[in-house]
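Contents: one structure, followed by commentary.
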Amino acid sequence: MKNLTEIRNNIDKIDDQIIELYKERMALSKEVGLIKAQTETAVCDGKREKEIVYRLSQKCPEEIRLYVKELYDAIFYSSKAYQSKFTVNNSPVKAEIDKIIENPLEDFPVDGTVACQGVYGANSGKAAEKIFPISDITYFKTFEGVFNAVEKGLCEYGVLPIENSTAGSVLEVYDLMRKYDFHIVKSVRTQIDHCLAVKQGAELKDIKTIISHSQALSQCAEFVKKLGVKAESVENTAVGAKLVSEGNDLTVGVLCSKECATNYGLKIVEPRVQNSEKNFTRFICISKKLKIYKGADKISIMTSLAHTPGSLNKIVSRFYAFGLNLTKIESRPIEGSDFEFMFYFDFEGDILDYQVRNLIAELDNGSDKFVLLGTYKESI
């Protein structure tokens, strides 16, 4: 029986042979890519890939056939990524992007009419002022109201929270993304500090109920639990502050920002009550039209995937093969479907790079439902 060292030495010899053959295969893939570029043939040929996997798997013992498929899936991914260096993919979404970038990109505007959810003092409003130094903000009761305002042209832009570092994704916003036609043009990360504020004359010992937005309650869950009081969700942190300010109940407190408490004449009884000192919320700025501004280095897409094993792995592998950093994956069930999901991907990439546009075209052509949510700059 061979010892471990002998076995590893034999594996090393085989690996040396494999890499030489892989180099030969990639050289041939390059030739294929050049031919496809001349004939404007799509890089992806799913039918041929399946035929190759089936033919080669039949030459192997049954116990390793699935591993053969995994191996060749990886080879196909790297081969297509290499071919894409020499080809140009086309799709409706890519054509729209190409038309925009024909002209020099403009700087992001300093002013705008903006829709936000809540009332004056809401964190969305603060984010909007950070995005637009000069802004005309209109507040709407719900997140859907913001989408509606942008879709109908009541406001040119909308600012919405999309995820929090403590409480996670704002799922309602993700669900509305699928319903409305819009594009992300900017995003900003804002530190969120919550305090417990009460009506003048109330004390901490008087509080029996705390109200705030569900995300804020989640971000301050440890404090609320320790206090041992009832928690009730309202539309927005600023809405909660307004309710406490206008009410007469000294047993109700609100989780909101220090600025919001000041705006509504409330007394702060406990500052910085969030679970984490590093509590950030990411806000997106949306527009009805696809717009790309200077410095855009982040891309968001939405796509449906086949309800088959490995479908998510295949698309994730495409990003890996192109050397693109995925920063976010979110899935949401498709209403009325049988366990089918819509997937949202955020990744770092320069839309001016033709390989990035090639990938977008490939994803667009390979999905029944593909939406470029936006390519934009994220500020801190």
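Note on naming: chains are A, B, ... as they come in the structure tokens, residues start from 1 per chain, ligands start from 1 in the order shown.
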Please identify every residue of range 232-301 of chain A that has at least one atom no farther than 9 Å from an atom of range 150-167 of chain A, counting only C-alpha atoms, and for each give the shortest atom pair and the distance in Å to one decimal, arranged by chain then increasing number, as a Markdown table.
| residue | atom | partner | partner_atom | distance |
| --- | --- | --- | --- | --- |
| A:Gln274 | CA | A:Thr166 | CA | 9.0 |
| A:Asn275 | CA | A:Thr166 | CA | 7.6 |
| A:Ser276 | CA | A:Thr166 | CA | 7.2 |
| A:Lys278 | CA | A:Ser165 | CA | 7.9 |
| A:Asn279 | CA | A:Ser165 | CA | 5.9 |
| A:Phe280 | CA | A:Ser165 | CA | 5.4 |
| A:Thr281 | CA | A:Asn164 | CA | 4.2 |
| A:Arg282 | CA | A:Glu163 | CA | 5.4 |
| A:Phe283 | CA | A:Pro161 | CA | 4.2 |
| A:Ile284 | CA | A:Leu160 | CA | 5.5 |
| A:Cys285 | CA | A:Val159 | CA | 4.5 |
| A:Ile286 | CA | A:Gly158 | CA | 5.1 |
| A:Ser287 | CA | A:Tyr157 | CA | 5.0 |
| A:Lys288 | CA | A:Glu151 | CA | 5.9 |
| field | For Leu312 in chain A: contacts at 12 Å, only C-alpha atoms, fewer than 4 positions along chain excluded, given as a ChimeraX atom specification | value | /A:303-308,316-319,329-331,341-345
Please produce an output containing C-alpha atoms for each residue in the selection, written as a CSV table (one decimal), in the first residue's frame.
chain,number,residue,atom,x,y,z
A,303,THR,CA,-33.1,38.4,-12.2
A,304,SER,CA,-35.2,35.3,-12.1
A,305,LEU,CA,-33.4,32.0,-11.9
A,306,ALA,CA,-34.5,28.6,-13.2
A,307,HIS,CA,-36.0,26.4,-10.4
A,308,THR,CA,-33.3,23.8,-10.9
A,316,VAL,CA,-22.4,33.4,-8.9
A,317,SER,CA,-19.7,31.6,-10.7
A,318,ARG,CA,-20.0,34.0,-13.6
A,319,PHE,CA,-19.1,36.9,-11.3
A,329,ILE,CA,-27.4,38.7,-2.6
A,330,GLU,CA,-31.0,38.9,-1.6
A,331,SER,CA,-33.9,36.6,-2.7
A,341,PHE,CA,-37.7,33.4,-6.3
A,342,MET,CA,-36.4,36.7,-7.7
A,343,PHE,CA,-32.7,37.4,-6.9
A,344,TYR,CA,-31.1,40.7,-6.3
A,345,PHE,CA,-27.3,41.1,-6.8
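Secondary structure by DSSP on the backbone puts the following residues of range 309-344 of chain A in helix (DSSP H, G or I): Ser311, Leu312, Asn313, Lys314, Ile315, Val316, Ser317, Arg318, Phe319, Tyr320 and Ala321 of chain A.
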| query | Neighbours of Val273 in chain A within 8 Å (only C-alpha atoms; same-chain residues fewer than 3 positions away dropped), as JSON, numbers by chain? | reply | {"A": [193, 194, 195, 196, 220, 223, 270]}
| Quick one: of A:Pro271, A:Gly323, A:Pro333, A:Pro309, who's nearest to Gln355 in chain A, counting only C-alpha atoms? |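 Smallest distance to Gln355 in chain A is found for A:Gly323.
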What's the 7 Å shell around Asp136 in chain A, counting only C-alpha atoms, without same-chain residues fewer than 4 positions away, as a compact mmCIF listing (two decimals) with N, CA and C atoms, in the first residue's frame?
# COMPACT_ATOMS: atom_id res chain seq x y z
N GLY A 112 -32.44 68.53 -6.35
CA GLY A 112 -33.48 67.69 -6.92
C GLY A 112 -34.74 67.70 -6.08
N THR A 113 -35.85 67.34 -6.71
CA THR A 113 -37.10 67.15 -5.99
C THR A 113 -37.15 65.69 -5.56
N VAL A 114 -37.34 65.46 -4.27
CA VAL A 114 -37.15 64.11 -3.70
C VAL A 114 -38.37 63.66 -2.91
| request: Quick one: pull the distance between CA of Lys126 in chain A and CA of Gln215 in chain A, Å, one decimal. | output: 16.5 Å
Please build the interface table for range 74-164 of chain A against range 242-260 of chain A with a cut-off of 9 Å, listing for each qualifying residue the nearest atom pair and the distance in Å to one decimal; count only C-alpha atoms, order rows by chain and increasing number, and write it as a tab-separated table.
residue	atom	partner	partner_atom	distance
A:Val119	CA	A:Lys242	CA	8.3
A:Tyr120	CA	A:Cys260	CA	8.1
A:Gly121	CA	A:Cys260	CA	4.9
A:Ala122	CA	A:Cys260	CA	7.1
A:Asn123	CA	A:Ser257	CA	7.8
| note | Correct to one decimal, the distance CA of Val93 in chain A-CA of Lys30 in chain A is 25.9 Å
| request: Measure the distance from CA of Lys85 in chain A to CA of Leu56 in chain A in Å and round it to one decimal. | output: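 According to the coordinates, CA of Lys85 in chain A and CA of Leu56 in chain A are separated by 27.3 Å.
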| query | Contacts of Lys377 in chain A at 8 Å or less, counting only C-alpha atoms, minus same-chain residues fewer than 4 places along, as a ChimeraX atom specification? | reply | /A:185-187,293,295-298
Can you list, as a short mmCIF file (atom, residue, chain, number, x, y, z; two decimals) with N, CA and C atoms, in the first residue's frame, every residue of range 228-358 of chain A that DSSP puts in strand (DSSP E or B)?
data_model
loop_
_atom_site.label_atom_id
_atom_site.label_comp_id
_atom_site.auth_asym_id
_atom_site.auth_seq_id
_atom_site.Cartn_x
_atom_site.Cartn_y
_atom_site.Cartn_z
N LYS A 230 -43.56 47.28 26.38
CA LYS A 230 -44.22 46.86 25.15
C LYS A 230 -43.66 47.65 23.97
N ALA A 231 -43.50 46.99 22.83
CA ALA A 231 -43.00 47.65 21.62
C ALA A 231 -44.08 47.62 20.55
N GLU A 232 -44.33 48.77 19.92
CA GLU A 232 -45.34 48.87 18.87
C GLU A 232 -44.73 49.54 17.64
N SER A 233 -45.03 48.96 16.49
CA SER A 233 -44.48 49.47 15.23
C SER A 233 -45.37 50.56 14.64
N VAL A 252 -45.73 56.71 26.97
CA VAL A 252 -45.28 56.29 25.64
C VAL A 252 -43.99 57.02 25.28
N GLY A 253 -42.99 56.25 24.87
CA GLY A 253 -41.74 56.82 24.39
C GLY A 253 -41.51 56.42 22.95
N VAL A 254 -40.53 57.04 22.31
CA VAL A 254 -40.25 56.76 20.90
C VAL A 254 -38.75 56.58 20.69
N LEU A 255 -38.41 55.67 19.80
CA LEU A 255 -37.02 55.50 19.36
C LEU A 255 -36.86 56.33 18.09
N CYS A 256 -35.96 57.31 18.14
CA CYS A 256 -35.75 58.18 16.98
C CYS A 256 -34.36 58.80 17.10
N LYS A 267 -38.06 65.19 25.01
CA LYS A 267 -36.93 65.08 25.94
C LYS A 267 -36.24 63.73 25.75
N ILE A 268 -34.93 63.76 25.64
CA ILE A 268 -34.16 62.52 25.49
C ILE A 268 -33.84 61.97 26.88
N VAL A 269 -34.29 60.73 27.14
CA VAL A 269 -34.02 60.14 28.45
C VAL A 269 -32.92 59.08 28.39
N GLU A 270 -32.69 58.53 27.19
CA GLU A 270 -31.60 57.57 27.01
C GLU A 270 -31.02 57.77 25.61
N PHE A 280 -25.35 51.21 10.77
CA PHE A 280 -25.46 51.95 9.52
C PHE A 280 -26.67 51.49 8.71
N THR A 281 -27.31 52.43 8.05
CA THR A 281 -28.37 52.10 7.10
C THR A 281 -27.95 52.58 5.72
N ARG A 282 -28.17 51.72 4.76
CA ARG A 282 -27.87 52.07 3.37
C ARG A 282 -29.16 52.54 2.70
N PHE A 283 -29.11 53.73 2.11
CA PHE A 283 -30.25 54.30 1.40
C PHE A 283 -29.96 54.32 -0.09
N ILE A 284 -30.97 54.05 -0.90
CA ILE A 284 -30.82 54.17 -2.35
C ILE A 284 -31.61 55.37 -2.84
N CYS A 285 -31.09 56.01 -3.88
CA CYS A 285 -31.77 57.10 -4.55
C CYS A 285 -32.24 56.58 -5.90
N ILE A 286 -33.55 56.64 -6.15
CA ILE A 286 -34.10 56.07 -7.37
C ILE A 286 -34.62 57.15 -8.32
N SER A 287 -34.61 56.80 -9.61
CA SER A 287 -35.11 57.67 -10.66
C SER A 287 -35.91 56.81 -11.63
N TYR A 293 -23.98 58.32 -13.86
CA TYR A 293 -23.19 59.52 -13.59
C TYR A 293 -21.72 59.15 -13.40
N LYS A 298 -20.65 50.79 -8.76
CA LYS A 298 -21.44 49.72 -8.18
C LYS A 298 -22.63 49.45 -9.10
N ILE A 299 -23.01 48.18 -9.21
CA ILE A 299 -24.09 47.79 -10.11
C ILE A 299 -25.07 46.90 -9.37
N SER A 300 -26.36 47.15 -9.56
CA SER A 300 -27.40 46.32 -8.97
C SER A 300 -28.27 45.74 -10.08
N ILE A 301 -28.57 44.45 -9.97
CA ILE A 301 -29.42 43.80 -10.96
C ILE A 301 -30.48 42.97 -10.25
N MET A 302 -31.53 42.65 -10.97
CA MET A 302 -32.58 41.78 -10.48
C MET A 302 -32.84 40.75 -11.57
N THR A 303 -32.90 39.48 -11.19
CA THR A 303 -33.11 38.44 -12.20
C THR A 303 -33.83 37.24 -11.62
N SER A 304 -34.59 36.57 -12.46
CA SER A 304 -35.21 35.30 -12.06
C SER A 304 -34.25 34.18 -12.44
N LEU A 326 -18.99 40.37 -5.54
CA LEU A 326 -20.40 40.43 -5.15
C LEU A 326 -20.50 40.96 -3.73
N THR A 327 -21.27 42.00 -3.52
CA THR A 327 -21.39 42.59 -2.18
C THR A 327 -22.74 42.30 -1.53
N LYS A 328 -23.70 41.81 -2.31
CA LYS A 328 -25.03 41.57 -1.74
C LYS A 328 -25.81 40.58 -2.61
N ILE A 329 -26.43 39.60 -1.96
CA ILE A 329 -27.38 38.71 -2.63
C ILE A 329 -28.63 38.66 -1.76
N GLU A 330 -29.76 38.94 -2.36
CA GLU A 330 -31.04 38.89 -1.65
C GLU A 330 -32.04 38.14 -2.51
N SER A 331 -32.84 37.29 -1.90
CA SER A 331 -33.88 36.58 -2.65
C SER A 331 -35.23 36.86 -2.03
N ARG A 332 -36.24 36.99 -2.90
CA ARG A 332 -37.60 37.22 -2.46
C ARG A 332 -38.54 36.32 -3.26
N PRO A 333 -39.51 35.69 -2.60
CA PRO A 333 -40.44 34.81 -3.32
C PRO A 333 -41.26 35.59 -4.34
N PHE A 341 -38.17 32.23 -6.97
CA PHE A 341 -37.65 33.43 -6.30
C PHE A 341 -37.05 34.40 -7.31
N MET A 342 -37.13 35.67 -6.95
CA MET A 342 -36.42 36.71 -7.67
C MET A 342 -35.16 37.02 -6.87
N PHE A 343 -34.02 37.11 -7.56
CA PHE A 343 -32.75 37.36 -6.89
C PHE A 343 -32.24 38.75 -7.22
N TYR A 344 -31.68 39.40 -6.20
CA TYR A 344 -31.09 40.73 -6.34
C TYR A 344 -29.60 40.62 -6.04
N PHE A 345 -28.80 41.19 -6.93
CA PHE A 345 -27.35 41.14 -6.77
C PHE A 345 -26.78 42.56 -6.82
N ASP A 346 -25.91 42.87 -5.87
CA ASP A 346 -25.10 44.08 -5.92
C ASP A 346 -23.66 43.64 -6.13
N PHE A 347 -22.96 44.30 -7.03
CA PHE A 347 -21.54 43.96 -7.22
C PHE A 347 -20.76 45.20 -7.63
N GLU A 348 -19.47 45.14 -7.38
CA GLU A 348 -18.58 46.24 -7.74
C GLU A 348 -18.14 46.06 -9.19
#
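You can rank A:Leu266, A:Val170, A:Ile14, A:Leu352 by their closest distance to Leu105 in chain A using only C-alpha atoms, and at the top of that list sits A:Leu352.
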| query | Using only C-alpha atoms, which residues sit within 9 Å of Val110 in chain A once same-chain residues fewer than 5 positions away are excluded, as a list of chain:residue names? | reply | A:Ile131, A:Phe132, A:Pro133, A:Ile134, A:Ser135
Could you pull the residues within 12 Å of Asn89 in chain A, counting only C-alpha atoms, minus those fewer than 3 positions along the same chain, as a compact mmCIF listing (two decimals) with C-alpha atoms, in the first residue's frame?
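Written output follows (selection29.txt):
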# COMPACT_ATOMS: atom_id res chain seq x y z
CA GLY A 33 -13.81 33.35 -29.10
CA LYS A 36 -17.45 33.97 -32.53
CA ALA A 37 -16.47 37.64 -32.48
CA GLN A 38 -16.19 37.68 -36.27
CA THR A 39 -19.49 35.85 -36.77
CA GLU A 40 -21.26 37.61 -33.85
CA THR A 41 -22.11 34.24 -32.32
CA ALA A 42 -23.12 34.02 -28.64
CA VAL A 43 -20.38 32.88 -26.26
CA CYS A 44 -22.72 30.57 -24.36
CA LYS A 80 -16.52 31.60 -21.43
CA ALA A 81 -15.00 34.34 -19.29
CA GLN A 83 -13.72 34.09 -24.63
CA SER A 84 -15.57 37.22 -23.52
CA LYS A 85 -12.28 39.12 -23.69
CA PHE A 86 -12.42 38.75 -27.47
CA PRO A 92 -31.56 44.99 -25.11
CA VAL A 93 -30.24 46.11 -21.72
CA LYS A 94 -26.68 46.41 -22.99
CA ALA A 95 -27.88 48.43 -25.98
CA ASP A 98 -24.21 51.67 -24.74
CA TYR A 354 -16.78 46.24 -21.96
CA GLN A 355 -16.34 42.91 -20.13
CA VAL A 356 -18.75 44.08 -17.45
CA ARG A 357 -21.24 45.03 -20.16
CA ASN A 358 -20.63 41.65 -21.81
CA LEU A 359 -21.59 39.94 -18.54
CA ILE A 360 -24.74 42.04 -18.25
CA ALA A 361 -25.68 41.09 -21.83
CA GLU A 362 -25.06 37.43 -21.06
CA LEU A 363 -27.26 37.57 -17.95
CA ASP A 364 -29.92 39.50 -19.84
CA ASN A 365 -30.03 36.93 -22.63
CA GLY A 366 -29.99 34.00 -20.22
